[in-house]
>>> print(open('model38.cif').read())   # mmCIF, N, CA and C atoms
data_final
#
loop_
_atom_site.group_PDB
_atom_site.id
_atom_site.type_symbol
_atom_site.label_atom_id
_atom_site.label_comp_id
_atom_site.auth_asym_id
_atom_site.auth_seq_id
_atom_site.Cartn_x
_atom_site.Cartn_y
_atom_site.Cartn_z
ATOM 1 N N MET A 1 1.147 -3.827 3.735
ATOM 2 C CA MET A 1 -0.209 -4.112 3.296
ATOM 3 C C MET A 1 -0.842 -2.817 2.776
ATOM 4 N N SER A 2 -1.561 -2.925 1.733
ATOM 5 C CA SER A 2 -2.161 -1.773 1.082
ATOM 6 C C SER A 2 -3.256 -1.144 1.937
ATOM 7 N N ASP A 3 -3.406 0.165 1.808
ATOM 8 C CA ASP A 3 -4.488 0.864 2.495
ATOM 9 C C ASP A 3 -5.845 0.493 1.922
ATOM 10 N N PHE A 4 -5.835 -0.019 0.713
ATOM 11 C CA PHE A 4 -7.082 -0.357 0.039
ATOM 12 C C PHE A 4 -7.255 -1.867 -0.078
ATOM 13 N N TYR A 5 -6.870 -2.583 0.958
ATOM 14 C CA TYR A 5 -6.936 -4.032 0.993
ATOM 15 C C TYR A 5 -8.362 -4.533 0.791
ATOM 16 N N TYR A 6 -9.343 -3.778 1.281
ATOM 17 C CA TYR A 6 -10.749 -4.190 1.181
ATOM 18 C C TYR A 6 -11.202 -4.325 -0.267
ATOM 19 N N ARG A 7 -10.570 -3.617 -1.189
ATOM 20 C CA ARG A 7 -10.978 -3.691 -2.598
ATOM 21 C C ARG A 7 -10.703 -5.052 -3.220
ATOM 22 N N LYS A 8 -9.843 -5.839 -2.587
ATOM 23 C CA LYS A 8 -9.524 -7.169 -3.103
ATOM 24 C C LYS A 8 -10.498 -8.231 -2.597
ATOM 25 N N VAL A 9 -11.353 -7.872 -1.666
ATOM 26 C CA VAL A 9 -12.293 -8.820 -1.071
ATOM 27 C C VAL A 9 -13.532 -8.928 -1.959
ATOM 28 N N ASP A 10 -13.842 -10.139 -2.368
ATOM 29 C CA ASP A 10 -14.986 -10.358 -3.264
ATOM 30 C C ASP A 10 -16.300 -9.872 -2.651
ATOM 31 N N ALA A 11 -16.475 -10.100 -1.362
ATOM 32 C CA ALA A 11 -17.719 -9.694 -0.704
ATOM 33 C C ALA A 11 -17.918 -8.183 -0.801
ATOM 34 N N TYR A 12 -16.848 -7.416 -0.691
ATOM 35 C CA TYR A 12 -16.939 -5.953 -0.807
ATOM 36 C C TYR A 12 -17.379 -5.561 -2.218
ATOM 37 N N ASN A 13 -16.761 -6.153 -3.209
ATOM 38 C CA ASN A 13 -17.106 -5.818 -4.596
ATOM 39 C C ASN A 13 -18.533 -6.226 -4.946
ATOM 40 N N LEU A 14 -18.958 -7.377 -4.448
ATOM 41 C CA LEU A 14 -20.337 -7.813 -4.690
ATOM 42 C C LEU A 14 -21.337 -6.907 -3.980
ATOM 43 N N ALA A 15 -21.019 -6.509 -2.761
ATOM 44 C CA ALA A 15 -21.909 -5.617 -2.003
ATOM 45 C C ALA A 15 -22.015 -4.255 -2.680
ATOM 46 N N LYS A 16 -20.916 -3.788 -3.241
ATOM 47 C CA LYS A 16 -20.924 -2.514 -3.952
ATOM 48 C C LYS A 16 -21.804 -2.591 -5.198
ATOM 49 N N GLU A 17 -21.693 -3.696 -5.921
ATOM 50 C CA GLU A 17 -22.541 -3.901 -7.103
ATOM 51 C C GLU A 17 -24.017 -3.997 -6.702
ATOM 52 N N LEU A 18 -24.278 -4.685 -5.594
ATOM 53 C CA LEU A 18 -25.656 -4.796 -5.107
ATOM 54 C C LEU A 18 -26.218 -3.423 -4.748
ATOM 55 N N ALA A 19 -25.419 -2.597 -4.111
ATOM 56 C CA ALA A 19 -25.868 -1.251 -3.750
ATOM 57 C C ALA A 19 -26.210 -0.437 -4.997
ATOM 58 N N LYS A 20 -25.393 -0.558 -6.042
ATOM 59 C CA LYS A 20 -25.681 0.142 -7.296
ATOM 60 C C LYS A 20 -26.996 -0.346 -7.896
ATOM 61 N N TYR A 21 -27.187 -1.665 -7.843
ATOM 62 C CA TYR A 21 -28.429 -2.247 -8.382
ATOM 63 C C TYR A 21 -29.642 -1.761 -7.593
ATOM 64 N N VAL A 22 -29.509 -1.719 -6.264
ATOM 65 C CA VAL A 22 -30.612 -1.256 -5.412
ATOM 66 C C VAL A 22 -30.962 0.193 -5.741
ATOM 67 N N TYR A 23 -29.950 1.034 -5.917
ATOM 68 C CA TYR A 23 -30.201 2.429 -6.275
ATOM 69 C C TYR A 23 -30.954 2.530 -7.601
ATOM 70 N N GLN A 24 -30.568 1.725 -8.582
ATOM 71 C CA GLN A 24 -31.266 1.737 -9.876
ATOM 72 C C GLN A 24 -32.702 1.245 -9.721
ATOM 73 N N LEU A 25 -32.879 0.211 -8.945
ATOM 74 C CA LEU A 25 -34.210 -0.359 -8.744
ATOM 75 C C LEU A 25 -35.139 0.629 -8.031
ATOM 76 N N LEU A 26 -34.602 1.349 -7.075
ATOM 77 C CA LEU A 26 -35.428 2.282 -6.301
ATOM 78 C C LEU A 26 -35.924 3.461 -7.128
ATOM 79 N N ARG A 27 -35.260 3.744 -8.231
ATOM 80 C CA ARG A 27 -35.732 4.820 -9.112
ATOM 81 C C ARG A 27 -37.102 4.504 -9.702
ATOM 82 N N SER A 28 -37.438 3.219 -9.781
ATOM 83 C CA SER A 28 -38.714 2.823 -10.374
ATOM 84 C C SER A 28 -39.856 2.786 -9.349
ATOM 85 N N PHE A 29 -39.558 3.058 -8.088
ATOM 86 C CA PHE A 29 -40.604 3.044 -7.065
ATOM 87 C C PHE A 29 -41.550 4.232 -7.267
ATOM 88 N N PRO A 30 -42.808 4.080 -6.847
ATOM 89 C CA PRO A 30 -43.762 5.187 -6.974
ATOM 90 C C PRO A 30 -43.335 6.374 -6.081
ATOM 91 N N PRO A 31 -43.693 7.584 -6.477
ATOM 92 C CA PRO A 31 -43.266 8.780 -5.741
ATOM 93 C C PRO A 31 -43.636 8.774 -4.256
ATOM 94 N N GLU A 32 -44.783 8.210 -3.919
ATOM 95 C CA GLU A 32 -45.206 8.219 -2.504
ATOM 96 C C GLU A 32 -44.319 7.325 -1.625
ATOM 97 N N GLU A 33 -43.589 6.415 -2.232
ATOM 98 C CA GLU A 33 -42.695 5.523 -1.491
ATOM 99 C C GLU A 33 -41.248 6.025 -1.480
ATOM 100 N N ARG A 34 -40.975 7.055 -2.213
ATOM 101 C CA ARG A 34 -39.599 7.502 -2.372
ATOM 102 C C ARG A 34 -38.956 7.994 -1.092
ATOM 103 N N PHE A 35 -39.719 8.500 -0.148
ATOM 104 C CA PHE A 35 -39.105 9.102 1.032
ATOM 105 C C PHE A 35 -38.973 8.141 2.195
ATOM 106 N N ALA A 36 -39.924 7.289 2.397
ATOM 107 C CA ALA A 36 -39.871 6.389 3.552
ATOM 108 C C ALA A 36 -39.116 5.101 3.237
ATOM 109 N N LEU A 37 -39.674 4.320 2.377
ATOM 110 C CA LEU A 37 -39.107 3.005 2.078
ATOM 111 C C LEU A 37 -37.775 3.102 1.338
ATOM 112 N N THR A 38 -37.674 3.981 0.373
ATOM 113 C CA THR A 38 -36.442 4.059 -0.406
ATOM 114 C C THR A 38 -35.276 4.564 0.422
ATOM 115 N N ASP A 39 -35.526 5.518 1.296
ATOM 116 C CA ASP A 39 -34.450 6.052 2.133
ATOM 117 C C ASP A 39 -33.860 4.959 3.018
ATOM 118 N N GLN A 40 -34.724 4.202 3.653
ATOM 119 C CA GLN A 40 -34.275 3.114 4.527
ATOM 120 C C GLN A 40 -33.542 2.029 3.726
ATOM 121 N N THR A 41 -34.045 1.704 2.560
ATOM 122 C CA THR A 41 -33.429 0.673 1.721
ATOM 123 C C THR A 41 -32.056 1.123 1.223
ATOM 124 N N ARG A 42 -31.947 2.387 0.847
ATOM 125 C CA ARG A 42 -30.647 2.907 0.404
ATOM 126 C C ARG A 42 -29.613 2.828 1.521
ATOM 127 N N ARG A 43 -30.013 3.250 2.713
ATOM 128 C CA ARG A 43 -29.077 3.206 3.840
ATOM 129 C C ARG A 43 -28.649 1.776 4.149
ATOM 130 N N ALA A 44 -29.573 0.837 4.049
ATOM 131 C CA ALA A 44 -29.235 -0.568 4.304
ATOM 132 C C ALA A 44 -28.278 -1.093 3.233
ATOM 133 N N ALA A 45 -28.535 -0.740 1.984
ATOM 134 C CA ALA A 45 -27.699 -1.230 0.883
ATOM 135 C C ALA A 45 -26.284 -0.677 0.966
ATOM 136 N N ILE A 46 -26.146 0.565 1.361
ATOM 137 C CA ILE A 46 -24.825 1.188 1.407
ATOM 138 C C ILE A 46 -24.057 0.784 2.666
ATOM 139 N N SER A 47 -24.768 0.339 3.707
ATOM 140 C CA SER A 47 -24.088 -0.026 4.952
ATOM 141 C C SER A 47 -23.274 -1.314 4.814
ATOM 142 N N VAL A 48 -23.678 -2.197 3.928
ATOM 143 C CA VAL A 48 -22.960 -3.470 3.765
ATOM 144 C C VAL A 48 -21.531 -3.245 3.260
ATOM 145 N N PRO A 49 -21.330 -2.571 2.115
ATOM 146 C CA PRO A 49 -19.941 -2.351 1.693
ATOM 147 C C PRO A 49 -19.173 -1.441 2.651
ATOM 148 N N ALA A 50 -19.872 -0.510 3.287
ATOM 149 C CA ALA A 50 -19.193 0.380 4.236
ATOM 150 C C ALA A 50 -18.661 -0.406 5.430
ATOM 151 N N ASN A 51 -19.448 -1.326 5.948
ATOM 152 C CA ASN A 51 -19.010 -2.135 7.087
ATOM 153 C C ASN A 51 -17.859 -3.064 6.704
ATOM 154 N N ILE A 52 -17.910 -3.611 5.509
ATOM 155 C CA ILE A 52 -16.812 -4.467 5.041
ATOM 156 C C ILE A 52 -15.544 -3.629 4.920
ATOM 157 N N ARG A 53 -15.686 -2.429 4.379
ATOM 158 C CA ARG A 53 -14.525 -1.553 4.207
ATOM 159 C C ARG A 53 -13.885 -1.216 5.550
ATOM 160 N N VAL A 54 -14.689 -0.853 6.527
ATOM 161 C CA VAL A 54 -14.160 -0.522 7.854
ATOM 162 C C VAL A 54 -13.481 -1.736 8.475
ATOM 163 N N SER A 55 -14.127 -2.875 8.413
ATOM 164 C CA SER A 55 -13.563 -4.090 9.005
ATOM 165 C C SER A 55 -12.246 -4.479 8.361
ATOM 166 N N MET A 56 -12.182 -4.424 7.036
ATOM 167 C CA MET A 56 -10.958 -4.810 6.344
ATOM 168 C C MET A 56 -9.849 -3.782 6.549
ATOM 169 N N THR A 57 -10.212 -2.517 6.713
ATOM 170 C CA THR A 57 -9.207 -1.496 7.004
ATOM 171 C C THR A 57 -8.598 -1.743 8.375
ATOM 172 N N ILE A 58 -9.437 -2.054 9.353
ATOM 173 C CA ILE A 58 -8.947 -2.372 10.693
ATOM 174 C C ILE A 58 -8.075 -3.625 10.645
ATOM 175 N N TYR A 59 -8.510 -4.624 9.906
ATOM 176 C CA TYR A 59 -7.732 -5.857 9.743
ATOM 177 C C TYR A 59 -6.364 -5.542 9.145
ATOM 178 N N GLY A 60 -6.347 -4.717 8.108
ATOM 179 C CA GLY A 60 -5.096 -4.342 7.464
ATOM 180 C C GLY A 60 -4.172 -3.583 8.405
ATOM 181 N N LEU A 61 -4.737 -2.690 9.206
ATOM 182 C CA LEU A 61 -3.927 -1.943 10.166
ATOM 183 C C LEU A 61 -3.328 -2.864 11.217
ATOM 184 N N LYS A 62 -4.128 -3.809 11.695
ATOM 185 C CA LYS A 62 -3.626 -4.771 12.687
ATOM 186 C C LYS A 62 -2.485 -5.604 12.108
ATOM 187 N N LYS A 63 -2.674 -6.074 10.878
ATOM 188 C CA LYS A 63 -1.629 -6.866 10.232
ATOM 189 C C LYS A 63 -0.359 -6.036 10.051
ATOM 190 N N SER A 64 -0.525 -4.791 9.662
ATOM 191 C CA SER A 64 0.614 -3.910 9.466
ATOM 192 C C SER A 64 1.356 -3.674 10.780
ATOM 193 N N LEU A 65 0.611 -3.453 11.854
ATOM 194 C CA LEU A 65 1.236 -3.251 13.166
ATOM 195 C C LEU A 65 1.949 -4.515 13.644
ATOM 196 N N GLU A 66 1.342 -5.673 13.405
ATOM 197 C CA GLU A 66 1.981 -6.939 13.781
ATOM 198 C C GLU A 66 3.288 -7.118 13.021
ATOM 199 N N GLU A 67 3.272 -6.777 11.745
ATOM 200 C CA GLU A 67 4.456 -6.908 10.915
ATOM 201 C C GLU A 67 5.565 -5.957 11.389
ATOM 202 N N LYS A 68 5.189 -4.728 11.697
ATOM 203 C CA LYS A 68 6.175 -3.753 12.179
ATOM 204 C C LYS A 68 6.745 -4.183 13.525
ATOM 205 N N SER A 69 5.878 -4.696 14.387
ATOM 206 C CA SER A 69 6.320 -5.163 15.700
ATOM 207 C C SER A 69 7.285 -6.339 15.552
ATOM 208 N N LYS A 70 6.961 -7.237 14.658
ATOM 209 C CA LYS A 70 7.813 -8.401 14.404
ATOM 210 C C LYS A 70 9.181 -7.963 13.893
ATOM 211 N N ASN A 71 9.181 -7.009 12.960
ATOM 212 C CA ASN A 71 10.443 -6.501 12.430
ATOM 213 C C ASN A 71 11.242 -5.769 13.501
ATOM 214 N N GLN A 72 10.565 -5.045 14.365
ATOM 215 C CA GLN A 72 11.240 -4.335 15.450
ATOM 216 C C GLN A 72 11.867 -5.319 16.419
ATOM 217 N N ASN A 73 11.174 -6.416 16.717
ATOM 218 C CA ASN A 73 11.727 -7.438 17.601
ATOM 219 C C ASN A 73 12.966 -8.080 16.983
ATOM 220 N N ILE A 74 12.969 -8.284 15.697
ATOM 221 C CA ILE A 74 14.121 -8.877 15.007
ATOM 222 C C ILE A 74 15.310 -7.914 15.080
ATOM 223 N N ILE A 75 15.046 -6.637 14.928
ATOM 224 C CA ILE A 75 16.112 -5.643 14.989
ATOM 225 C C ILE A 75 16.672 -5.536 16.409
ATOM 226 N N ASN A 76 15.791 -5.545 17.402
ATOM 227 C CA ASN A 76 16.211 -5.393 18.795
ATOM 228 C C ASN A 76 16.840 -6.645 19.383
ATOM 229 N N ASN A 77 16.494 -7.811 18.860
ATOM 230 C CA ASN A 77 16.983 -9.082 19.394
ATOM 231 C C ASN A 77 17.627 -9.940 18.304
ATOM 232 N N PRO A 78 18.739 -9.477 17.737
ATOM 233 C CA PRO A 78 19.365 -10.304 16.700
ATOM 234 C C PRO A 78 19.939 -11.577 17.318
ATOM 235 N N ARG A 79 19.945 -12.646 16.559
ATOM 236 C CA ARG A 79 20.417 -13.934 17.095
ATOM 237 C C ARG A 79 21.793 -14.223 16.670
#
>>> encode(input="model38.cif", output="structure tokens")
Amino acid sequence: MSDFYYRKVDAYNLAKELAKYVYQLLRSFPPEERFALTDQTRRAAISVPANIRVSMTIYGLKKSLEEKSKNQNIINNPR
């Protein structure tokens, strides 16, 4: 399984596009809002694809370990 399995997940790609859109939108906010509201919004927007990436990486590692374990069992216990 690829190390970049998360890139194939539609939700990850959509969340990444949303984060880019949020960053563009926040540029139009008034200067007095740039530090409080925009900072929090940016962190929220970037956390979605980051969480998907971490989850899918863990999923990929688990699948890879299961596959290796299965292959090891076949090697150790031939029929």
>>> atom_distance(input="model38.cif", atom1="atom C of Ile52 of chain A", atom2="atom C of Tyr6 of chain A")
6.8 Å
>>> select_by_dssp(input="model38.cif", residues="chain A", states="helix (DSSP H, G or I)", output="PyMOL selection string")
chain A and resi 5-8+10-26+31-33+37-76
>>> resolve_selection(input="model38.cif", expression="the PyMOL selection byres (((chain A and resi 9 and name CA) around 12) and name CA)", output="mmCIF file with N, CA and C atoms, keeping the file's coordinate frame")
data_model
loop_
_atom_site.group_PDB
_atom_site.id
_atom_site.type_symbol
_atom_site.label_atom_id
_atom_site.label_comp_id
_atom_site.auth_asym_id
_atom_site.auth_seq_id
_atom_site.Cartn_x
_atom_site.Cartn_y
_atom_site.Cartn_z
ATOM 1 N N PHE A 4 -5.835 -0.019 0.713
ATOM 2 C CA PHE A 4 -7.082 -0.357 0.039
ATOM 3 C C PHE A 4 -7.255 -1.867 -0.078
ATOM 4 N N TYR A 5 -6.870 -2.583 0.958
ATOM 5 C CA TYR A 5 -6.936 -4.032 0.993
ATOM 6 C C TYR A 5 -8.362 -4.533 0.791
ATOM 7 N N TYR A 6 -9.343 -3.778 1.281
ATOM 8 C CA TYR A 6 -10.749 -4.190 1.181
ATOM 9 C C TYR A 6 -11.202 -4.325 -0.267
ATOM 10 N N ARG A 7 -10.570 -3.617 -1.189
ATOM 11 C CA ARG A 7 -10.978 -3.691 -2.598
ATOM 12 C C ARG A 7 -10.703 -5.052 -3.220
ATOM 13 N N LYS A 8 -9.843 -5.839 -2.587
ATOM 14 C CA LYS A 8 -9.524 -7.169 -3.103
ATOM 15 C C LYS A 8 -10.498 -8.231 -2.597
ATOM 16 N N ASP A 10 -13.842 -10.139 -2.368
ATOM 17 C CA ASP A 10 -14.986 -10.358 -3.264
ATOM 18 C C ASP A 10 -16.300 -9.872 -2.651
ATOM 19 N N ALA A 11 -16.475 -10.100 -1.362
ATOM 20 C CA ALA A 11 -17.719 -9.694 -0.704
ATOM 21 C C ALA A 11 -17.918 -8.183 -0.801
ATOM 22 N N TYR A 12 -16.848 -7.416 -0.691
ATOM 23 C CA TYR A 12 -16.939 -5.953 -0.807
ATOM 24 C C TYR A 12 -17.379 -5.561 -2.218
ATOM 25 N N ASN A 13 -16.761 -6.153 -3.209
ATOM 26 C CA ASN A 13 -17.106 -5.818 -4.596
ATOM 27 C C ASN A 13 -18.533 -6.226 -4.946
ATOM 28 N N LEU A 14 -18.958 -7.377 -4.448
ATOM 29 C CA LEU A 14 -20.337 -7.813 -4.690
ATOM 30 C C LEU A 14 -21.337 -6.907 -3.980
ATOM 31 N N ALA A 15 -21.019 -6.509 -2.761
ATOM 32 C CA ALA A 15 -21.909 -5.617 -2.003
ATOM 33 C C ALA A 15 -22.015 -4.255 -2.680
ATOM 34 N N LYS A 16 -20.916 -3.788 -3.241
ATOM 35 C CA LYS A 16 -20.924 -2.514 -3.952
ATOM 36 C C LYS A 16 -21.804 -2.591 -5.198
ATOM 37 N N PRO A 49 -21.330 -2.571 2.115
ATOM 38 C CA PRO A 49 -19.941 -2.351 1.693
ATOM 39 C C PRO A 49 -19.173 -1.441 2.651
ATOM 40 N N ILE A 52 -17.910 -3.611 5.509
ATOM 41 C CA ILE A 52 -16.812 -4.467 5.041
ATOM 42 C C ILE A 52 -15.544 -3.629 4.920
ATOM 43 N N ARG A 53 -15.686 -2.429 4.379
ATOM 44 C CA ARG A 53 -14.525 -1.553 4.207
ATOM 45 C C ARG A 53 -13.885 -1.216 5.550
ATOM 46 N N SER A 55 -14.127 -2.875 8.413
ATOM 47 C CA SER A 55 -13.563 -4.090 9.005
ATOM 48 C C SER A 55 -12.246 -4.479 8.361
ATOM 49 N N MET A 56 -12.182 -4.424 7.036
ATOM 50 C CA MET A 56 -10.958 -4.810 6.344
ATOM 51 C C MET A 56 -9.849 -3.782 6.549
ATOM 52 N N THR A 57 -10.212 -2.517 6.713
ATOM 53 C CA THR A 57 -9.207 -1.496 7.004
ATOM 54 C C THR A 57 -8.598 -1.743 8.375
#
>>> atom_distance(input="model38.cif", atom1="atom N of Ala19 of chain A", atom2="atom N of Glu33 of chain A")
20.4 Å
>>> closest_residue(input="model38.cif", among="A:Ala45, A:Ser69, A:Gly60, A:Arg34", to="Tyr21 of chain A", atoms="only C-alpha atoms")
A:Ala45
>>> atom_distance(input="model38.cif", atom1="atom CA of Lys20 of chain A", atom2="atom CA of Arg42 of chain A")
9.6 Å
>>> closest_residue(input="model38.cif", among="A:Ser64, A:Asp39, A:Tyr59, A:Ser47", to="Arg27 of chain A", atoms="only C-alpha atoms")
A:Asp39
>>> residues_around(input="model38.cif", residues="Thr41 of chain A", least_positions_apart="5", cutoff="8 Å", atoms="all atoms listed in the file", output="PyMOL selection string")
chain A and resi 22-23+36+46-47
